[in-house]
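Next up, coords-v9.pdb (PDB, C-alpha atoms):
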```pdb
ATOM      1  CA  LEU A   1      46.810 -34.529 -41.158
ATOM      2  CA  VAL A   2      43.278 -33.339 -40.299
ATOM      3  CA  SER A   3      44.405 -31.814 -37.022
ATOM      4  CA  LYS A   4      47.308 -30.024 -38.775
ATOM      5  CA  VAL A   5      44.992 -28.528 -41.419
ATOM      6  CA  VAL A   6      42.548 -27.410 -38.743
ATOM      7  CA  ARG A   7      45.355 -25.950 -36.611
ATOM      8  CA  LEU A   8      46.674 -23.913 -39.538
ATOM      9  CA  SER A   9      43.197 -22.689 -40.396
ATOM     10  CA  GLU A  10      42.407 -21.701 -36.801
ATOM     11  CA  THR A  11      45.631 -19.725 -36.563
ATOM     12  CA  HIS A  12      45.714 -17.968 -39.904
ATOM     13  CA  GLY A  13      42.132 -17.885 -41.226
ATOM     14  CA  ARG A  14      43.226 -19.497 -44.515
ATOM     15  CA  ARG A  15      41.126 -19.262 -47.667
ATOM     16  CA  LEU A  16      39.285 -22.364 -48.812
ATOM     17  CA  HIS A  17      38.218 -22.191 -52.468
ATOM     18  CA  GLY A  18      38.113 -18.387 -52.304
ATOM     19  CA  ALA A  19      36.284 -18.089 -48.967
ATOM     20  CA  VAL A  20      37.968 -17.269 -45.691
ATOM     21  CA  PHE A  21      38.046 -20.276 -43.384
ATOM     22  CA  SER A  22      36.616 -19.122 -40.082
ATOM     23  CA  PRO A  23      38.234 -20.450 -36.892
ATOM     24  CA  SER A  24      34.727 -21.151 -35.614
ATOM     25  CA  ALA A  25      34.374 -23.754 -38.384
ATOM     26  CA  ALA A  26      37.245 -25.818 -37.040
ATOM     27  CA  PRO A  27      35.088 -28.056 -34.823
ATOM     28  CA  ARG A  28      32.864 -28.843 -37.801
ATOM     29  CA  LEU A  29      35.862 -29.694 -40.013
ATOM     30  CA  ARG A  30      37.124 -32.002 -37.289
ATOM     31  CA  SER A  31      33.729 -33.705 -37.015
ATOM     32  CA  LEU A  32      33.546 -34.183 -40.773
ATOM     33  CA  CYS A  33      37.069 -35.519 -41.200
ATOM     34  CA  ARG A  34      37.610 -37.509 -38.014
ATOM     35  CA  PRO A  35      37.575 -41.309 -38.401
ATOM     36  CA  SER A  36      34.307 -42.900 -37.403
ATOM     37  CA  THR A  37      35.840 -44.742 -34.461
ATOM     38  CA  SER A  38      36.016 -42.283 -31.579
ATOM     39  CA  THR A  39      38.383 -44.017 -29.197
ATOM     40  CA  ALA A  40      41.569 -45.944 -29.685
ATOM     41  CA  ALA A  41      41.736 -49.560 -28.643
ATOM     42  CA  PRO A  42      43.947 -50.123 -25.622
ATOM     43  CA  PRO A  43      47.475 -51.172 -26.595
ATOM     44  CA  GLN A  44      47.916 -54.920 -26.712
ATOM     45  CA  PRO A  45      50.655 -56.604 -24.656
ATOM     46  CA  VAL A  46      53.851 -56.929 -26.667
ATOM     47  CA  ALA A  47      54.893 -60.570 -26.966
ATOM     48  CA  PRO A  48      58.580 -61.447 -27.192
ATOM     49  CA  PRO A  49      59.699 -61.878 -30.809
ATOM     50  CA  PRO A  50      59.813 -65.475 -32.096
ATOM     51  CA  THR A  51      63.199 -67.076 -32.658
ATOM     52  CA  THR A  52      62.310 -68.157 -36.199
ATOM     53  CA  THR A  53      60.377 -66.602 -39.050
ATOM     54  CA  HIS A  54      59.777 -67.149 -42.764
ATOM     55  CA  PHE A  55      61.893 -66.055 -45.699
ATOM     56  CA  GLY A  56      59.552 -66.922 -48.507
ATOM     57  CA  TYR A  57      58.705 -70.566 -47.870
ATOM     58  CA  GLU A  58      61.930 -71.142 -45.974
ATOM     59  CA  THR A  59      62.103 -71.050 -42.165
ATOM     60  CA  VAL A  60      65.059 -68.988 -40.939
ATOM     61  CA  ALA A  61      66.320 -67.519 -37.678
ATOM     62  CA  THR A  62      64.614 -64.198 -36.907
ATOM     63  CA  LEU A  63      67.936 -62.383 -36.765
ATOM     64  CA  GLU A  64      68.836 -63.751 -40.195
ATOM     65  CA  LYS A  65      65.833 -62.515 -42.169
ATOM     66  CA  ALA A  66      66.684 -58.805 -42.235
ATOM     67  CA  ALA A  67      70.127 -59.505 -43.685
ATOM     68  CA  ARG A  68      68.701 -61.814 -46.328
ATOM     69  CA  VAL A  69      65.991 -59.332 -47.328
ATOM     70  CA  ARG A  70      68.642 -56.620 -47.526
ATOM     71  CA  SER A  71      70.644 -58.864 -49.839
ATOM     72  CA  VAL A  72      67.626 -59.406 -52.106
ATOM     73  CA  PHE A  73      66.992 -55.698 -52.536
ATOM     74  CA  SER A  74      70.667 -54.885 -52.952
ATOM     75  CA  SER A  75      70.619 -57.367 -55.825
ATOM     76  CA  VAL A  76      67.537 -55.882 -57.509
ATOM     77  CA  ALA A  77      67.992 -52.183 -56.646
ATOM     78  CA  GLU A  78      68.851 -51.103 -60.178
ATOM     79  CA  SER A  79      66.001 -53.127 -61.675
ATOM     80  CA  TYR A  80      63.435 -52.468 -58.924
ATOM     81  CA  ASP A  81      60.881 -50.783 -61.184
ATOM     82  CA  VAL A  82      61.245 -53.659 -63.646
ATOM     83  CA  MET A  83      60.648 -56.066 -60.753
ATOM     84  CA  ASN A  84      57.413 -54.296 -59.820
ATOM     85  CA  ASP A  85      56.338 -54.314 -63.458
ATOM     86  CA  LEU A  86      56.888 -58.088 -63.543
ATOM     87  CA  LEU A  87      55.024 -58.690 -60.283
ATOM     88  CA  SER A  88      52.079 -56.493 -61.189
ATOM     89  CA  GLY A  89      51.968 -56.479 -64.982
ATOM     90  CA  GLY A  90      52.745 -52.748 -64.838
ATOM     91  CA  LEU A  91      49.685 -51.957 -62.746
ATOM     92  CA  HIS A  92      51.773 -50.933 -59.724
ATOM     93  CA  ARG A  93      52.000 -47.436 -61.183
ATOM     94  CA  LEU A  94      48.233 -46.987 -61.029
ATOM     95  CA  TRP A  95      48.092 -48.555 -57.558
ATOM     96  CA  LYS A  96      50.699 -46.113 -56.242
ATOM     97  CA  ASP A  97      48.741 -43.231 -57.765
ATOM     98  CA  GLU A  98      45.713 -44.402 -55.799
ATOM     99  CA  LEU A  99      47.751 -44.756 -52.600
ATOM    100  CA  VAL A 100      48.939 -41.154 -52.822
ATOM    101  CA  ARG A 101      45.461 -39.920 -53.751
ATOM    102  CA  ARG A 102      44.096 -41.524 -50.606
ATOM    103  CA  SER A 103      46.861 -40.000 -48.482
ATOM    104  CA  GLY A 104      45.139 -36.618 -48.702
ATOM    105  CA  VAL A 105      48.286 -34.664 -49.533
ATOM    106  CA  ALA A 106      46.848 -33.294 -52.777
ATOM    107  CA  SER A 107      43.553 -32.480 -51.054
ATOM    108  CA  ALA A 108      45.402 -30.556 -48.355
ATOM    109  CA  ASN A 109      47.262 -28.663 -51.060
ATOM    110  CA  LEU A 110      43.954 -27.604 -52.613
ATOM    111  CA  LEU A 111      42.117 -27.104 -49.331
ATOM    112  CA  VAL A 112      44.584 -24.855 -47.572
ATOM    113  CA  ALA A 113      46.616 -22.436 -49.714
ATOM    114  CA  VAL A 114      49.557 -22.138 -47.354
ATOM    115  CA  ASP A 115      52.086 -19.437 -48.200
ATOM    116  CA  VAL A 116      55.324 -20.833 -46.866
ATOM    117  CA  PRO A 117      57.996 -18.121 -46.518
ATOM    118  CA  ALA A 118      61.470 -18.684 -47.900
ATOM    119  CA  GLY A 119      63.207 -21.132 -45.609
ATOM    120  CA  GLY A 120      59.971 -21.837 -43.762
ATOM    121  CA  ALA A 121      58.865 -25.336 -42.826
ATOM    122  CA  PRO A 122      55.962 -26.855 -44.818
ATOM    123  CA  PRO A 123      52.883 -27.499 -42.672
ATOM    124  CA  LEU A 124      52.599 -31.249 -43.388
ATOM    125  CA  ASP A 125      55.251 -33.912 -42.898
ATOM    126  CA  VAL A 126      54.989 -37.036 -45.079
ATOM    127  CA  LEU A 127      57.008 -40.220 -44.521
ATOM    128  CA  ASP A 128      57.333 -42.981 -47.104
ATOM    129  CA  VAL A 129      58.902 -46.141 -45.656
ATOM    130  CA  ALA A 130      60.617 -48.880 -47.699
ATOM    131  CA  GLY A 131      60.466 -46.585 -50.702
ATOM    132  CA  GLY A 132      64.162 -46.113 -51.352
ATOM    133  CA  THR A 133      63.906 -45.616 -55.122
ATOM    134  CA  GLY A 134      61.506 -42.717 -54.586
ATOM    135  CA  ASP A 135      58.644 -44.045 -56.674
ATOM    136  CA  VAL A 136      55.967 -43.099 -54.112
ATOM    137  CA  ALA A 137      57.870 -40.085 -52.768
ATOM    138  CA  PHE A 138      57.918 -38.442 -56.199
ATOM    139  CA  ARG A 139      54.132 -38.768 -56.305
ATOM    140  CA  HIS A 140      53.851 -37.149 -52.876
ATOM    141  CA  PHE A 141      56.212 -34.441 -54.125
ATOM    142  CA  GLU A 142      53.899 -33.633 -57.012
ATOM    143  CA  ALA A 143      50.774 -33.823 -54.853
ATOM    144  CA  ALA A 144      52.331 -31.373 -52.382
ATOM    145  CA  GLY A 145      52.383 -28.674 -55.045
ATOM    146  CA  LEU A 146      55.930 -29.114 -56.287
ATOM    147  CA  ALA A 147      55.152 -30.515 -59.736
ATOM    148  CA  GLY A 148      56.747 -27.475 -61.343
ATOM    149  CA  ASN A 149      60.112 -28.605 -60.032
ATOM    150  CA  ILE A 150      59.735 -31.896 -61.920
ATOM    151  CA  HIS A 151      57.963 -30.905 -65.129
ATOM    152  CA  GLY A 152      59.383 -27.422 -65.656
ATOM    153  CA  GLY A 153      56.092 -25.684 -64.846
ATOM    154  CA  PRO A 154      55.451 -22.835 -62.398
ATOM    155  CA  THR A 155      57.413 -23.055 -59.161
ATOM    156  CA  ASN A 156      55.290 -20.650 -57.085
ATOM    157  CA  ARG A 157      52.576 -23.161 -56.225
ATOM    158  CA  PRO A 158      51.866 -23.781 -52.525
ATOM    159  CA  VAL A 159      54.339 -26.090 -50.834
ATOM    160  CA  CYS A 160      52.114 -28.001 -48.430
ATOM    161  CA  ALA A 161      54.329 -30.920 -47.386
ATOM    162  CA  ALA A 162      57.867 -31.998 -46.621
ATOM    163  CA  VAL A 163      58.588 -35.509 -47.933
ATOM    164  CA  THR A 164      60.963 -37.989 -46.287
ATOM    165  CA  VAL A 165      61.929 -41.439 -47.580
ATOM    166  CA  CYS A 166      63.202 -44.077 -45.164
ATOM    167  CA  ASP A 167      64.642 -47.392 -46.350
ATOM    168  CA  ILE A 168      66.864 -50.004 -44.725
ATOM    169  CA  ASN A 169      68.816 -50.586 -47.921
ATOM    170  CA  PRO A 170      71.515 -48.059 -48.883
ATOM    171  CA  GLN A 171      71.630 -49.268 -52.495
ATOM    172  CA  MET A 172      67.926 -48.525 -52.923
ATOM    173  CA  LEU A 173      68.412 -45.073 -51.398
ATOM    174  CA  GLN A 174      71.273 -44.347 -53.785
ATOM    175  CA  VAL A 175      68.978 -45.105 -56.717
ATOM    176  CA  GLY A 176      66.317 -42.819 -55.250
ATOM    177  CA  GLU A 177      68.686 -39.953 -54.590
ATOM    178  CA  ALA A 178      70.052 -40.138 -58.142
ATOM    179  CA  ARG A 179      66.533 -40.070 -59.575
ATOM    180  CA  ALA A 180      65.582 -37.170 -57.305
ATOM    181  CA  ALA A 181      68.532 -35.198 -58.610
ATOM    182  CA  GLU A 182      67.529 -35.947 -62.206
ATOM    183  CA  ARG A 183      63.951 -34.788 -61.513
ATOM    184  CA  GLY A 184      64.898 -31.664 -59.588
ATOM    185  CA  ALA A 185      63.248 -33.143 -56.487
ATOM    186  CA  THR A 186      66.217 -32.503 -54.222
ATOM    187  CA  ALA A 187      63.949 -31.298 -51.411
ATOM    188  CA  ILE A 188      63.026 -34.935 -50.712
ATOM    189  CA  ARG A 189      64.998 -36.235 -47.733
ATOM    190  CA  PHE A 190      66.430 -39.776 -47.955
ATOM    191  CA  VAL A 191      67.205 -41.514 -44.640
ATOM    192  CA  GLU A 192      68.549 -44.999 -43.969
ATOM    193  CA  GLY A 193      66.568 -46.786 -41.271
ATOM    194  CA  ASP A 194      64.678 -49.878 -40.173
ATOM    195  CA  ALA A 195      60.854 -49.847 -40.277
ATOM    196  CA  GLU A 196      60.800 -51.618 -36.917
ATOM    197  CA  ARG A 197      62.955 -48.934 -35.264
ATOM    198  CA  LEU A 198      62.540 -45.746 -37.261
ATOM    199  CA  PRO A 199      65.223 -43.083 -36.680
ATOM    200  CA  PHE A 200      62.660 -40.364 -36.005
ATOM    201  CA  ALA A 201      61.164 -38.670 -32.973
ATOM    202  CA  ASP A 202      57.721 -39.446 -31.594
ATOM    203  CA  GLU A 203      54.867 -37.709 -33.437
ATOM    204  CA  GLU A 204      57.035 -36.302 -36.227
ATOM    205  CA  PHE A 205      54.795 -37.034 -39.253
ATOM    206  CA  ASP A 206      51.228 -36.456 -40.435
ATOM    207  CA  VAL A 207      51.128 -39.109 -43.192
ATOM    208  CA  TYR A 208      52.907 -42.491 -43.311
ATOM    209  CA  THR A 209      52.886 -44.603 -46.473
ATOM    210  CA  ILE A 210      54.526 -47.934 -47.209
ATOM    211  CA  ALA A 211      54.193 -49.633 -50.608
ATOM    212  CA  PHE A 212      55.168 -53.267 -51.149
ATOM    213  CA  GLY A 213      57.476 -53.173 -48.144
ATOM    214  CA  LEU A 214      55.588 -54.359 -45.083
ATOM    215  CA  ARG A 215      55.662 -58.045 -46.035
ATOM    216  CA  ASN A 216      59.486 -57.912 -46.113
ATOM    217  CA  VAL A 217      59.753 -56.664 -42.526
ATOM    218  CA  THR A 218      60.856 -59.283 -40.019
ATOM    219  CA  ASP A 219      58.451 -58.163 -37.261
ATOM    220  CA  VAL A 220      55.354 -56.640 -38.860
ATOM    221  CA  ASP A 221      53.770 -55.900 -35.481
ATOM    222  CA  ALA A 222      56.832 -53.928 -34.397
ATOM    223  CA  ALA A 223      56.780 -51.950 -37.649
ATOM    224  CA  LEU A 224      53.112 -51.081 -37.154
ATOM    225  CA  ARG A 225      53.749 -49.974 -33.567
ATOM    226  CA  ASP A 226      56.597 -47.746 -34.696
ATOM    227  CA  ALA A 227      54.453 -46.300 -37.482
ATOM    228  CA  HIS A 228      51.905 -45.378 -34.825
ATOM    229  CA  ARG A 229      54.653 -43.844 -32.668
ATOM    230  CA  VAL A 230      56.019 -41.471 -35.333
ATOM    231  CA  LEU A 231      52.582 -40.251 -36.449
ATOM    232  CA  ARG A 232      51.035 -37.195 -34.848
ATOM    233  CA  THR A 233      47.511 -37.187 -33.476
ATOM    234  CA  GLY A 234      45.199 -37.232 -36.473
ATOM    235  CA  GLY A 235      47.927 -38.901 -38.549
ATOM    236  CA  HIS A 236      47.047 -41.179 -41.460
ATOM    237  CA  TYR A 237      48.656 -44.593 -42.034
ATOM    238  CA  LEU A 238      48.430 -46.198 -45.500
ATOM    239  CA  CYS A 239      49.853 -49.519 -46.651
ATOM    240  CA  LEU A 240      49.812 -50.755 -50.254
ATOM    241  CA  GLU A 241      50.669 -54.434 -50.358
ATOM    242  CA  PHE A 242      50.080 -57.632 -52.292
ATOM    243  CA  SER A 243      47.230 -59.436 -50.591
ATOM    244  CA  ARG A 244      44.853 -62.400 -50.879
ATOM    245  CA  VAL A 245      42.670 -62.961 -53.957
ATOM    246  CA  PRO A 246      39.223 -64.199 -52.827
ATOM    247  CA  ASN A 247      38.099 -65.458 -56.257
ATOM    248  CA  ASP A 248      39.309 -69.032 -56.841
ATOM    249  CA  VAL A 249      39.625 -68.721 -60.624
ATOM    250  CA  LEU A 250      41.566 -65.464 -60.494
ATOM    251  CA  ARG A 251      43.737 -66.725 -57.621
ATOM    252  CA  ASN A 252      44.694 -69.897 -59.487
ATOM    253  CA  ALA A 253      45.550 -67.947 -62.632
ATOM    254  CA  TYR A 254      47.599 -65.413 -60.656
ATOM    255  CA  ASP A 255      49.440 -68.181 -58.767
ATOM    256  CA  ALA A 256      50.302 -69.934 -62.021
ATOM    257  CA  TYR A 257      51.683 -66.692 -63.459
ATOM    258  CA  SER A 258      53.574 -65.852 -60.263
ATOM    259  CA  PHE A 259      55.335 -69.162 -59.741
ATOM    260  CA  ASN A 260      55.910 -70.212 -63.349
ATOM    261  CA  VAL A 261      56.581 -66.920 -65.128
ATOM    262  CA  ILE A 262      57.933 -64.273 -62.741
ATOM    263  CA  PRO A 263      61.068 -66.134 -61.507
ATOM    264  CA  LYS A 264      62.041 -67.008 -65.078
ATOM    265  CA  MET A 265      61.482 -63.419 -66.181
ATOM    266  CA  GLY A 266      63.585 -62.284 -63.219
ATOM    267  CA  ALA A 267      66.381 -64.541 -64.372
ATOM    268  CA  ALA A 268      66.128 -63.249 -67.927
ATOM    269  CA  VAL A 269      65.759 -59.544 -67.115
ATOM    270  CA  ALA A 270      67.824 -59.159 -63.936
ATOM    271  CA  GLY A 271      69.895 -62.355 -63.874
ATOM    272  CA  ASP A 272      68.455 -63.220 -60.458
ATOM    273  CA  GLU A 273      65.816 -65.953 -60.353
ATOM    274  CA  ALA A 274      66.187 -66.646 -56.615
ATOM    275  CA  SER A 275      65.326 -63.101 -55.504
ATOM    276  CA  TYR A 276      62.220 -63.036 -57.636
ATOM    277  CA  ARG A 277      61.146 -66.442 -56.349
ATOM    278  CA  TYR A 278      61.482 -65.139 -52.790
ATOM    279  CA  LEU A 279      59.310 -62.135 -53.620
ATOM    280  CA  VAL A 280      56.587 -64.373 -55.054
ATOM    281  CA  GLU A 281      56.711 -66.643 -51.995
ATOM    282  CA  SER A 282      56.697 -63.702 -49.587
ATOM    283  CA  ILE A 283      53.347 -62.578 -50.963
ATOM    284  CA  ARG A 284      51.772 -65.938 -50.086
ATOM    285  CA  LYS A 285      53.207 -65.877 -46.552
ATOM    286  CA  PHE A 286      51.928 -62.382 -45.756
ATOM    287  CA  SER A 287      48.743 -61.611 -43.812
ATOM    288  CA  ASP A 288      45.449 -61.515 -45.656
ATOM    289  CA  GLN A 289      43.273 -58.400 -45.588
ATOM    290  CA  SER A 290      41.422 -59.117 -42.337
ATOM    291  CA  GLN A 291      44.530 -60.318 -40.524
ATOM    292  CA  LEU A 292      46.345 -57.083 -41.339
ATOM    293  CA  ILE A 293      43.387 -55.050 -40.073
ATOM    294  CA  THR A 294      43.677 -56.879 -36.742
ATOM    295  CA  LYS A 295      47.412 -56.185 -36.559
ATOM    296  CA  MET A 296      46.812 -52.487 -37.232
ATOM    297  CA  GLU A 297      44.183 -52.275 -34.515
ATOM    298  CA  ASN A 298      46.477 -54.052 -32.071
ATOM    299  CA  ALA A 299      49.124 -51.414 -32.826
ATOM    300  CA  GLY A 300      46.672 -48.675 -31.801
ATOM    301  CA  PHE A 301      45.220 -47.523 -35.131
ATOM    302  CA  VAL A 302      41.509 -46.750 -35.389
ATOM    303  CA  GLY A 303      39.052 -46.399 -38.250
ATOM    304  CA  CYS A 304      40.934 -49.203 -40.012
ATOM    305  CA  SER A 305      39.744 -50.333 -43.438
ATOM    306  CA  TYR A 306      41.015 -51.858 -46.651
ATOM    307  CA  THR A 307      40.239 -51.498 -50.334
ATOM    308  CA  ASN A 308      40.966 -54.334 -52.759
ATOM    309  CA  LEU A 309      42.497 -53.454 -56.106
ATOM    310  CA  ALA A 310      42.707 -55.800 -59.093
ATOM    311  CA  GLY A 311      40.403 -58.301 -57.444
ATOM    312  CA  GLY A 312      42.466 -58.450 -54.245
ATOM    313  CA  ILE A 313      45.862 -59.019 -55.850
ATOM    314  CA  VAL A 314      46.761 -55.932 -53.868
ATOM    315  CA  ALA A 315      44.987 -53.974 -51.159
ATOM    316  CA  ILE A 316      45.343 -50.547 -49.600
ATOM    317  CA  HIS A 317      44.970 -50.613 -45.819
ATOM    318  CA  GLU A 318      44.303 -47.382 -43.946
ATOM    319  CA  GLY A 319      44.174 -46.389 -40.292
ATOM    320  CA  TRP A 320      44.331 -43.298 -38.105
ATOM    321  CA  LYS A 321      46.041 -42.248 -34.901
ATOM    322  CA  ILE A 322      43.780 -40.328 -32.528
TER     323      ILE A 322
END
```

Translate this structure into C-alpha cells?
Amino acid sequence: LVSKVVRLSETHGRRLHGAVFSPSAAPRLRSLCRPSTSTAAPPQPVAPPPTTTHFGYETVATLEKAARVRSVFSSVAESYDVMNDLLSGGLHRLWKDELVRRSGVASANLLVAVDVPAGGAPPLDVLDVAGGTGDVAFRHFEAAGLAGNIHGGPTNRPVCAAVTVCDINPQMLQVGEARAAERGATAIRFVEGDAERLPFADEEFDVYTIAFGLRNVTDVDAALRDAHRVLRTGGHYLCLEFSRVPNDVLRNAYDAYSFNVIPKMGAAVAGDEASYRYLVESIRKFSDQSQLITKMENAGFVGCSYTNLAGGIVAIHEGWKI
C-alpha cells in the first residue's frame, strides 16, 4: 500500500492536504511508512501437510475438515451476523471497524486525492478473505471514498480502492452479494475460492484482511503463504481473530459463557447447536498471539505485531511484505 501511494505521488505530483506532493519527497515517505524490519526472513521449508487435523475438539482426516467447515457455514450463512453477535456480545462490529482503520485504506483516501477517470482502475486493490457476507468489505467500501453509494451522500468523492471478497462458501457469498445490491455497493467483487489456494495472480493486492476466518482454514500455514503471494511489495496483511485471554479471571468467565451459553443460544436462535459448539471449540484450538506471529514470519511477513482487544478475547495481527 505504501509503495502504491508513493508510486502514484511520484508520477502525478498529487496534492496532500492542499500542498503538492513533490516526487523528491518519495524517499522520505517510504522511510516514514516502511515497517521497522528491513529484510524479510528467508522462507521456511514447507513440511508435508499432516494426515489429520482438528475440527473443534474432534480429530478428523485433513481432507475432511474443509467439507465439514463448509457445511457449518452453509448452515449458519443466513444468521452469520447473529452468530458473531453471540460469540462477541455484539463487539465484533467495533473490532471490524478497528481492523479496517488499521488497514490504511481510509488514510490513503485522505492522503492522496486520486481522480480516477470514468472506467479507470482504482489505485489500491483490497482483498477480504473469508468475508462472504460482506461485513468487512462494506467497511472497506466506505473507507475507500464510496460512502455516498451506501448512504445516499455525494458520489464524487475519490475512489481510492477496488474491493474484492473471496470466500470458499457459495451460500455466504450469496448473502453478501444480496446485501451489496441492497446497499448500492455493486462495485464490490465476490469470488469463490479457498484461502489456501487463492484464485488470484501473484502480487495482485495491496491490502489483505481476514476476520474470524483463519482459524477455520485446514492449513493455516498454507493460507499465510498464499496471502504473502498475492500481496504486492509493500502490501499489508491484517488478521482479526479470536485469541487467547491472558487474565485467568477473564478467561474463566469467557470460557463459561462460551461453552454454557453460546451453543444453547445457537440452538434457540438458529436451530443449530452443533455448529455453534464447533465455533466455540475452534477458538480454543487456534494459535495464541505469539504462535500466530511465528507462523506469519515463517510465511515471509515482516514487521509483525499484534494488538489485543477486549483483554485478548480477540487480537489483530499485522504484517508486511517487502

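Restricting the calculation to all atoms listed in the file, the smallest distance between Val82 (chain A) and any of A:Ala270, A:Arg197, A:Glu281, A:Tyr208 is found for A:Ala270.
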
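The shortest atom-to-atom distance to Glu192 (chain A), with all atoms listed in the file taken into account, belongs to A:Cys166 out of A:Val249, A:Val100, A:Cys166, A:Cys304.
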
Separation of CA of Tyr278 (chain A) and CA of Leu127 (chain A), in Å? 26.6 Å

Could you state which residues are captured by the PyMOL selection byres ((chain A and resi 128) around 9) in this file, as a JSON list (two decimals) with C-alpha atoms, keeping the file's coordinate frame?
```
[["chain", "number", "residue", "atom", "x", "y", "z"],
["A", 126, "VAL", "CA", 54.99, -37.04, -45.08],
["A", 127, "LEU", "CA", 57.01, -40.22, -44.52],
["A", 129, "VAL", "CA", 58.90, -46.14, -45.66],
["A", 130, "ALA", "CA", 60.62, -48.88, -47.70],
["A", 131, "GLY", "CA", 60.47, -46.58, -50.70],
["A", 132, "GLY", "CA", 64.16, -46.11, -51.35],
["A", 134, "GLY", "CA", 61.51, -42.72, -54.59],
["A", 136, "VAL", "CA", 55.97, -43.10, -54.11],
["A", 137, "ALA", "CA", 57.87, -40.08, -52.77],
["A", 140, "HIS", "CA", 53.85, -37.15, -52.88],
["A", 163, "VAL", "CA", 58.59, -35.51, -47.93],
["A", 164, "THR", "CA", 60.96, -37.99, -46.29],
["A", 165, "VAL", "CA", 61.93, -41.44, -47.58],
["A", 166, "CYS", "CA", 63.20, -44.08, -45.16],
["A", 167, "ASP", "CA", 64.64, -47.39, -46.35],
["A", 207, "VAL", "CA", 51.13, -39.11, -43.19],
["A", 208, "TYR", "CA", 52.91, -42.49, -43.31],
["A", 209, "THR", "CA", 52.89, -44.60, -46.47],
["A", 210, "ILE", "CA", 54.53, -47.93, -47.21],
["A", 211, "ALA", "CA", 54.19, -49.63, -50.61]]
```

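Restricting the calculation to only C-alpha atoms, the smallest distance between Pro170 (chain A) and any of A:Phe138, A:Asp219, A:Thr133, A:Ala299 is found for A:Thr133.
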